[in-house]
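S.K.: This is entry-v1.cif (mmCIF, C-alpha atoms).
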```
data_model
loop_
_atom_site.label_atom_id
_atom_site.label_comp_id
_atom_site.auth_asym_id
_atom_site.auth_seq_id
_atom_site.Cartn_x
_atom_site.Cartn_y
_atom_site.Cartn_z
CA MET A 1 66.18 -40.42 25.78
CA HIS A 2 63.30 -41.79 23.74
CA PRO A 3 62.61 -45.52 23.68
CA THR A 4 62.22 -47.48 20.45
CA PRO A 5 59.91 -50.25 21.65
CA THR A 6 59.46 -52.16 18.41
CA LYS A 7 61.41 -55.34 17.79
CA VAL A 8 62.69 -56.93 14.62
CA GLY A 9 60.79 -60.16 13.95
CA PRO A 10 60.47 -62.71 11.17
CA MET A 11 56.88 -61.64 10.40
CA ALA A 12 57.73 -58.00 9.62
CA LEU A 13 56.55 -57.10 6.11
CA ILE A 14 57.53 -53.42 6.34
CA GLU A 15 60.45 -52.04 8.34
CA PHE A 16 61.41 -48.45 9.14
CA ARG A 17 64.96 -48.27 10.47
CA GLY A 18 66.49 -45.06 11.78
CA VAL A 19 64.37 -42.97 9.40
CA LYS A 20 64.91 -39.22 9.49
CA LYS A 21 62.74 -36.58 7.83
CA ALA A 22 62.62 -32.80 8.06
CA PHE A 23 60.95 -29.96 6.20
CA GLY A 24 63.44 -27.13 6.45
CA PRO A 25 63.98 -26.38 10.16
CA LYS A 26 61.03 -28.56 11.21
CA VAL A 27 62.26 -32.02 12.14
CA VAL A 28 59.48 -34.59 11.81
CA TYR A 29 61.37 -37.85 12.36
CA ARG A 30 64.60 -38.03 14.30
CA ASP A 31 64.89 -41.82 14.52
CA LEU A 32 61.82 -43.71 13.32
CA ASN A 33 61.97 -47.44 14.02
CA LEU A 34 58.85 -49.47 13.36
CA ASP A 35 57.89 -52.93 12.13
CA ILE A 36 54.59 -53.59 10.36
CA ASN A 37 53.70 -57.25 10.49
CA GLU A 38 52.05 -59.22 7.74
CA ARG A 39 48.22 -59.31 7.87
CA GLU A 40 47.89 -57.15 10.97
CA VAL A 41 45.89 -53.96 11.44
CA LEU A 42 48.38 -51.42 12.76
CA THR A 43 47.04 -48.01 13.73
CA ILE A 44 49.31 -44.98 13.96
CA ILE A 45 48.28 -42.32 16.47
CA GLY A 46 49.80 -39.07 17.68
CA GLY A 47 49.10 -35.37 17.92
CA SER A 48 48.62 -33.09 14.94
CA GLY A 49 51.88 -32.37 13.16
CA GLN A 50 53.67 -35.46 14.44
CA GLY A 51 54.08 -36.85 10.92
CA LYS A 52 51.60 -39.71 10.77
CA SER A 53 50.56 -39.03 7.17
CA VAL A 54 54.17 -38.26 6.29
CA MET A 55 55.02 -41.84 7.28
CA LEU A 56 52.54 -43.24 4.76
CA LYS A 57 53.82 -40.95 2.01
CA MET A 58 57.41 -41.99 2.68
CA LEU A 59 56.36 -45.63 2.46
CA ILE A 60 54.87 -45.26 -1.02
CA GLY A 61 57.61 -42.97 -2.30
CA LEU A 62 55.65 -39.71 -2.43
CA LEU A 63 58.16 -38.20 -0.01
CA ASP A 64 61.88 -38.92 0.15
CA ILE A 65 63.53 -39.73 3.46
CA ASP A 66 66.59 -37.84 4.72
CA GLY A 67 68.27 -40.79 6.41
CA GLY A 68 67.84 -44.40 7.49
CA ASN A 69 65.98 -46.90 5.34
CA ILE A 70 62.57 -48.40 4.63
CA SER A 71 62.21 -52.04 3.59
CA PHE A 72 59.24 -53.85 2.09
CA ASP A 73 59.15 -57.64 1.98
CA GLY A 74 62.90 -57.82 2.58
CA GLN A 75 63.83 -55.27 -0.11
CA GLU A 76 65.03 -51.76 0.66
CA ILE A 77 62.69 -49.35 -1.12
CA SER A 78 63.86 -45.98 0.17
CA GLY A 79 65.73 -44.11 -2.54
CA MET A 80 64.13 -45.99 -5.43
CA THR A 81 63.36 -44.22 -8.70
CA GLU A 82 59.78 -43.83 -9.91
CA ALA A 83 60.23 -46.76 -12.29
CA GLN A 84 61.64 -48.94 -9.53
CA TYR A 85 58.71 -48.06 -7.26
CA ALA A 86 56.10 -49.26 -9.76
CA PRO A 87 56.09 -52.92 -8.63
CA VAL A 88 55.83 -51.80 -5.00
CA ARG A 89 52.84 -49.59 -5.75
CA ARG A 90 51.07 -52.53 -7.35
CA ARG A 91 51.27 -54.25 -3.98
CA VAL A 92 50.41 -51.23 -1.82
CA ALA A 93 47.28 -49.06 -2.14
CA MET A 94 46.35 -45.93 -0.23
CA LEU A 95 43.03 -44.40 0.77
CA PHE A 96 43.75 -40.68 0.91
CA GLN A 97 42.13 -38.47 3.53
CA ALA A 98 40.07 -36.48 1.04
CA GLY A 99 39.11 -39.52 -1.02
CA ALA A 100 40.55 -37.96 -4.18
CA LEU A 101 37.83 -39.14 -6.59
CA PHE A 102 37.85 -37.74 -10.12
CA ASP A 103 34.74 -35.57 -10.46
CA SER A 104 34.60 -36.05 -14.23
CA LEU A 105 34.43 -39.87 -13.95
CA ASN A 106 31.55 -42.02 -12.75
CA THR A 107 31.98 -44.56 -9.98
CA LYS A 108 32.98 -47.37 -12.33
CA GLU A 109 35.71 -45.35 -14.02
CA ASN A 110 37.02 -44.07 -10.69
CA VAL A 111 37.32 -47.60 -9.35
CA ALA A 112 38.79 -48.85 -12.65
CA TYR A 113 41.43 -46.11 -12.81
CA GLY A 114 44.22 -48.10 -11.16
CA LEU A 115 43.36 -51.20 -13.18
CA ARG A 116 43.79 -49.35 -16.44
CA GLU A 117 47.01 -47.68 -15.26
CA GLN A 118 48.73 -50.67 -13.66
CA LEU A 119 47.29 -53.93 -14.97
CA ALA A 120 46.67 -55.48 -18.37
CA MET A 121 43.01 -56.48 -18.15
CA SER A 122 40.20 -56.80 -20.68
CA GLU A 123 37.13 -54.59 -20.39
CA LEU A 124 35.13 -57.59 -19.21
CA GLU A 125 37.70 -58.32 -16.50
CA ILE A 126 37.75 -54.68 -15.45
CA SER A 127 33.95 -54.56 -15.17
CA GLU A 128 33.93 -57.71 -13.06
CA ARG A 129 36.71 -56.45 -10.78
CA VAL A 130 34.89 -53.13 -10.31
CA ARG A 131 31.67 -54.95 -9.46
CA GLU A 132 33.46 -57.16 -6.93
CA SER A 133 35.23 -54.22 -5.32
CA LEU A 134 32.04 -52.17 -4.98
CA THR A 135 30.31 -55.19 -3.46
CA TYR A 136 33.08 -55.50 -0.87
CA VAL A 137 32.40 -51.95 0.32
CA GLY A 138 28.62 -52.32 0.26
CA LEU A 139 27.92 -50.29 -2.88
CA PRO A 140 26.82 -52.77 -5.55
CA GLY A 141 25.05 -51.30 -8.56
CA THR A 142 26.52 -47.78 -8.23
CA GLU A 143 28.80 -47.99 -11.26
CA GLU A 144 27.05 -45.22 -13.21
CA THR A 145 26.72 -42.82 -10.26
CA ALA A 146 28.63 -39.52 -10.43
CA PRO A 147 30.73 -38.44 -7.43
CA ALA A 148 28.54 -35.36 -7.00
CA ASP A 149 25.61 -37.67 -6.26
CA LEU A 150 27.44 -39.60 -3.54
CA SER A 151 27.33 -38.81 0.17
CA ALA A 152 30.59 -38.23 2.06
CA GLY A 153 30.47 -41.76 3.42
CA MET A 154 29.81 -43.25 0.00
CA LYS A 155 32.73 -41.30 -1.51
CA LYS A 156 35.04 -42.79 1.12
CA ARG A 157 33.80 -46.26 0.25
CA VAL A 158 34.21 -45.72 -3.49
CA SER A 159 37.76 -44.54 -2.81
CA LEU A 160 38.31 -47.69 -0.79
CA ALA A 161 36.88 -49.81 -3.63
CA ARG A 162 39.37 -48.14 -6.00
CA ALA A 163 42.23 -49.05 -3.64
CA LEU A 164 40.92 -52.61 -3.35
CA ALA A 165 40.51 -53.08 -7.08
CA ILE A 166 44.20 -53.71 -7.71
CA ARG A 167 44.07 -56.42 -5.00
CA PRO A 168 46.90 -54.96 -2.93
CA GLU A 169 48.75 -56.81 -0.21
CA VAL A 170 48.90 -53.65 1.92
CA LEU A 171 46.19 -51.03 2.42
CA LEU A 172 47.12 -47.62 3.83
CA TYR A 173 44.34 -45.48 5.33
CA ASP A 174 44.96 -41.77 5.93
CA GLU A 175 42.33 -40.51 8.40
CA PRO A 176 39.59 -42.74 6.91
CA THR A 177 36.81 -41.51 9.22
CA THR A 178 37.49 -37.76 9.17
CA GLY A 179 34.39 -35.71 8.37
CA LEU A 180 31.97 -38.62 8.63
CA ASP A 181 28.89 -38.96 10.81
CA PRO A 182 28.91 -41.63 13.56
CA ILE A 183 27.06 -44.20 11.44
CA ASN A 184 29.59 -43.93 8.61
CA VAL A 185 32.50 -43.90 11.06
CA THR A 186 31.29 -47.27 12.34
CA ARG A 187 30.72 -48.53 8.80
CA ILE A 188 34.25 -47.62 7.68
CA ALA A 189 35.77 -49.10 10.84
CA ASP A 190 33.87 -52.34 10.30
CA LEU A 191 35.02 -52.39 6.66
CA ILE A 192 38.68 -52.04 7.60
CA ARG A 193 38.46 -55.02 9.90
CA TYR A 194 36.33 -57.04 7.46
CA LEU A 195 38.69 -56.47 4.52
CA ASN A 196 41.71 -57.31 6.61
CA GLU A 197 40.21 -60.64 7.60
CA THR A 198 38.53 -61.47 4.27
CA LEU A 199 41.32 -60.50 1.88
CA ASP A 200 44.29 -61.23 4.19
CA VAL A 201 45.70 -57.75 3.64
CA THR A 202 48.03 -55.84 5.90
CA SER A 203 46.36 -52.61 7.02
CA VAL A 204 48.04 -49.44 8.28
CA VAL A 205 45.62 -46.82 9.59
CA VAL A 206 46.42 -43.22 10.52
CA THR A 207 43.69 -41.70 12.68
CA HIS A 208 42.86 -39.23 15.45
CA ASP A 209 39.74 -41.28 16.28
CA MET A 210 40.62 -43.26 19.40
CA ASP A 211 37.35 -45.22 19.39
CA THR A 212 38.13 -46.46 15.88
CA ALA A 213 41.75 -47.19 16.75
CA LEU A 214 40.81 -49.26 19.79
CA ALA A 215 38.05 -51.12 17.91
CA ILE A 216 39.94 -52.20 14.78
CA SER A 217 43.59 -52.59 15.74
CA ASP A 218 45.75 -55.60 16.42
CA ARG A 219 48.44 -53.15 17.43
CA ILE A 220 48.73 -49.40 17.96
CA ALA A 221 51.88 -47.28 17.62
CA MET A 222 52.15 -43.72 18.91
CA ILE A 223 54.49 -41.12 17.42
CA HIS A 224 55.77 -38.24 19.53
CA GLU A 225 58.53 -35.73 18.74
CA GLY A 226 60.09 -37.80 15.99
CA PHE A 227 60.08 -41.20 17.68
CA VAL A 228 57.76 -44.16 18.23
CA ILE A 229 57.17 -43.93 21.99
CA PHE A 230 54.65 -46.75 22.26
CA SER A 231 53.81 -49.92 20.35
CA GLY A 232 51.40 -52.49 21.70
CA THR A 233 47.90 -53.93 21.76
CA PRO A 234 44.82 -51.80 22.44
CA ASP A 235 44.69 -53.23 25.98
CA GLU A 236 48.33 -52.31 26.53
CA LEU A 237 47.59 -48.79 25.28
CA ARG A 238 44.68 -48.43 27.71
CA THR A 239 46.88 -49.38 30.66
CA SER A 240 50.06 -47.56 29.59
CA ASP A 241 51.60 -45.29 32.23
CA ASN A 242 53.57 -43.27 29.65
CA PRO A 243 52.55 -39.62 30.31
CA GLN A 244 52.45 -38.65 26.62
CA VAL A 245 50.27 -41.67 25.85
CA ARG A 246 47.97 -40.89 28.78
CA ASP A 247 47.63 -37.25 27.68
CA PHE A 248 46.77 -38.25 24.15
CA ILE A 249 44.16 -40.90 24.87
CA GLU A 250 42.56 -38.72 27.54
CA GLY A 251 42.41 -35.75 25.18
CA ASN A 252 44.94 -33.57 26.96
CA ALA A 253 47.58 -33.36 24.22
CA PRO A 254 48.02 -29.85 22.73
CA VAL A 255 47.36 -29.27 19.05
CA ASP A 256 50.31 -27.76 17.21
CA GLU A 257 48.45 -25.95 14.43
CA ASP A 258 51.52 -24.26 12.96
CA THR A 259 53.30 -27.58 12.58
CA GLU A 260 50.23 -29.22 11.05
CA THR A 261 49.96 -26.41 8.48
CA LEU A 262 53.65 -26.72 7.59
CA LEU A 263 53.40 -30.47 7.02
CA ARG A 264 50.28 -30.18 4.88
CA SER A 265 51.88 -27.51 2.70
CA ALA A 266 54.89 -29.77 2.24
CA GLY A 267 52.86 -32.56 0.72
#
```
Can you turn what I pasted into structure tokens?

M.R.:
Amino acid sequence: MHPTPTKVGPMALIEFRGVKKAFGPKVVYRDLNLDINEREVLTIIGGSGQGKSVMLKMLIGLLDIDGGNISFDGQEISGMTEAQYAPVRRRVAMLFQAGALFDSLNTKENVAYGLREQLAMSELEISERVRESLTYVGLPGTEETAPADLSAGMKKRVSLARALAIRPEVLLYDEPTTGLDPINVTRIADLIRYLNETLDVTSVVVTHDMDTALAISDRIAMIHEGFVIFSGTPDELRTSDNPQVRDFIEGNAPVDEDTETLLRSAG
């Protein structure tokens, strides 16, 4: 029997309750129960193919759930139509693993994309918001730069500036340090913590990078075989005697490549 260690509390901004999700015969979530508290940095860890990115996509409505429910700020959001999801997506922004910049647009227009799509702002207001957002991520003055002229680390930061531009209440990070050199890994990790404290956002980070997870998190949750098997502080993670947790943080967990491929192809 798998434990569900999270507890319902008055500070929970996002709640997963009994969530189920499968892709054909592959069951990803059997009974997902997790609270995400307001203004915390929660990091989601687990082996490849355990559904960490799937969780983020279910939260923002890119993937439907098969059972249970997801609530945001006291309102059930699972099962909403695209039109109903629009107000939620104005409050939640996501930094995708690949960055997903538009190659045909310069930095300014990439960062301004969400502003033009979701908010009614003048060109002057958009320019000022873009400037502020690029300053937050340490890239002032890069508005006219093309994506092709940006390093991998800079692309991640521009993508983060685009997410920040709509001034979300929740920031979702899908493998934010993947493919970066150690200097940029540290820079992105520092940014996540800085933005959480400066802008009072709630941050949910999916990562395989244990150093980053331990450095930035208020709380860490581990997913294994469709359940949350651990939820606690970084210190509690370090001292956990759960064998699956020990295997993962010590690098002994097997990589299920077939499962990872299936999940990626599903969305």

S.K.: For Ser78 of chain A, which of A:Gly114, A:Gly179, A:Pro234, A:Gly18 is the closest residue, counting all atoms listed in the file?

M.R.: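 Among the listed residues, A:Gly18 lies closest to Ser78 of chain A.
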
S.K.: Using the chain letters and numbers from the file, which residues does the PyMOL selection byres ((chain A and resi 144) around 7) grab, as a list in words?

M.R.: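 Output of the PyMOL selection byres ((chain A and resi 144) around 7): Asn106, Thr107, Lys108, Thr142, Glu143, Thr145 and Ala146 of chain A.
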
S.K.: Run the PyMOL selection byres ((chain A and resi 164) around 12) on the file and write out the hits as an NGL selection string.

M.R.: :A and (90-95 or 110-115 or 129-137 or 157-163 or 165-173 or 191-192 or 195-196 or 198-201 or 203)

S.K.: List the residues matched by the PyMOL selection byres ((chain A and resi 214) around 12) in the displayed structure as number ranges by chain, ordered by chain and then by residue number.

M.R.: A: 41-45, 189, 193, 205, 207-213, 215-221, 232-238, 249

S.K.: Please determine, counting all atoms listed in the file, which residue among A:Leu63, A:Val19, A:Met154, A:Ile229 has the shortest atom-to-atom distance to Leu180 of chain A.

M.R.: A:Met154

S.K.: Between A:Leu105, A:Glu125, A:Leu139, A:Val204, which one has atoms that come closest to Asn37 of chain A, using all atoms listed in the file?

M.R.: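 Of the candidates, the smallest distance to Asn37 of chain A is held by A:Val204.
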
S.K.: Residues within 7 Å of Ala12 of chain A, please, as a PyMOL selection string. Count only C-alpha atoms; anything in the same chain fewer than 4 positions from it doesn't count.

M.R.: chain A and resi 35-38

S.K.: Is it possible to add N, CA and C atoms to segment 64-82 of chain A and hand it back as a PDB file, in the frame of the given file?

M.R.:
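Dumped everything to rebuild_13.pdb:
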```
ATOM      1  N   ASP A  64      60.585 -38.308  -0.085  1.00  0.00           N
ATOM      2  CA  ASP A  64      61.880 -38.920   0.150  1.00  0.00           C
ATOM      3  C   ASP A  64      62.237 -38.842   1.626  1.00  0.00           C
ATOM      4  N   ILE A  65      63.029 -39.793   2.101  1.00  0.00           N
ATOM      5  CA  ILE A  65      63.530 -39.730   3.460  1.00  0.00           C
ATOM      6  C   ILE A  65      64.895 -39.049   3.451  1.00  0.00           C
ATOM      7  N   ASP A  66      65.300 -38.525   4.613  1.00  0.00           N
ATOM      8  CA  ASP A  66      66.590 -37.840   4.720  1.00  0.00           C
ATOM      9  C   ASP A  66      67.687 -38.746   5.270  1.00  0.00           C
ATOM     10  N   GLY A  67      67.292 -39.875   5.853  1.00  0.00           N
ATOM     11  CA  GLY A  67      68.270 -40.790   6.410  1.00  0.00           C
ATOM     12  C   GLY A  67      67.592 -42.069   6.841  1.00  0.00           C
ATOM     13  N   GLY A  68      68.404 -43.108   7.118  1.00  0.00           N
ATOM     14  CA  GLY A  68      67.840 -44.400   7.490  1.00  0.00           C
ATOM     15  C   GLY A  68      67.378 -45.166   6.264  1.00  0.00           C
ATOM     16  N   ASN A  69      66.493 -46.138   6.481  1.00  0.00           N
ATOM     17  CA  ASN A  69      65.980 -46.900   5.340  1.00  0.00           C
ATOM     18  C   ASN A  69      64.603 -47.480   5.646  1.00  0.00           C
ATOM     19  N   ILE A  70      63.879 -47.757   4.567  1.00  0.00           N
ATOM     20  CA  ILE A  70      62.570 -48.400   4.630  1.00  0.00           C
ATOM     21  C   ILE A  70      62.653 -49.653   3.772  1.00  0.00           C
ATOM     22  N   SER A  71      62.203 -50.779   4.325  1.00  0.00           N
ATOM     23  CA  SER A  71      62.210 -52.040   3.590  1.00  0.00           C
ATOM     24  C   SER A  71      60.799 -52.591   3.466  1.00  0.00           C
ATOM     25  N   PHE A  72      60.527 -53.208   2.334  1.00  0.00           N
ATOM     26  CA  PHE A  72      59.240 -53.850   2.090  1.00  0.00           C
ATOM     27  C   PHE A  72      59.504 -55.265   1.599  1.00  0.00           C
ATOM     28  N   ASP A  73      58.990 -56.227   2.334  1.00  0.00           N
ATOM     29  CA  ASP A  73      59.150 -57.640   1.980  1.00  0.00           C
ATOM     30  C   ASP A  73      60.616 -58.003   1.750  1.00  0.00           C
ATOM     31  N   GLY A  74      61.482 -57.489   2.630  1.00  0.00           N
ATOM     32  CA  GLY A  74      62.900 -57.820   2.580  1.00  0.00           C
ATOM     33  C   GLY A  74      63.728 -56.997   1.622  1.00  0.00           C
ATOM     34  N   GLN A  75      63.105 -56.081   0.874  1.00  0.00           N
ATOM     35  CA  GLN A  75      63.830 -55.270  -0.110  1.00  0.00           C
ATOM     36  C   GLN A  75      63.822 -53.810   0.331  1.00  0.00           C
ATOM     37  N   GLU A  76      64.989 -53.174   0.331  1.00  0.00           N
ATOM     38  CA  GLU A  76      65.030 -51.760   0.660  1.00  0.00           C
ATOM     39  C   GLU A  76      64.386 -50.955  -0.468  1.00  0.00           C
ATOM     40  N   ILE A  77      63.414 -50.114  -0.107  1.00  0.00           N
ATOM     41  CA  ILE A  77      62.690 -49.350  -1.120  1.00  0.00           C
ATOM     42  C   ILE A  77      62.966 -47.866  -1.040  1.00  0.00           C
ATOM     43  N   SER A  78      63.536 -47.395   0.066  1.00  0.00           N
ATOM     44  CA  SER A  78      63.860 -45.980   0.170  1.00  0.00           C
ATOM     45  C   SER A  78      64.945 -45.637  -0.846  1.00  0.00           C
ATOM     46  N   GLY A  79      64.752 -44.529  -1.542  1.00  0.00           N
ATOM     47  CA  GLY A  79      65.730 -44.110  -2.540  1.00  0.00           C
ATOM     48  C   GLY A  79      65.494 -44.668  -3.920  1.00  0.00           C
ATOM     49  N   MET A  80      64.429 -45.449  -4.111  1.00  0.00           N
ATOM     50  CA  MET A  80      64.130 -45.990  -5.430  1.00  0.00           C
ATOM     51  C   MET A  80      63.682 -44.885  -6.394  1.00  0.00           C
ATOM     52  N   THR A  81      63.895 -45.110  -7.679  1.00  0.00           N
ATOM     53  CA  THR A  81      63.360 -44.220  -8.700  1.00  0.00           C
ATOM     54  C   THR A  81      61.866 -44.504  -8.891  1.00  0.00           C
ATOM     55  N   GLU A  82      61.200 -43.622  -9.630  1.00  0.00           N
ATOM     56  CA  GLU A  82      59.780 -43.830  -9.910  1.00  0.00           C
ATOM     57  C   GLU A  82      59.539 -45.168 -10.601  1.00  0.00           C
TER      58      GLU A  82
END
```
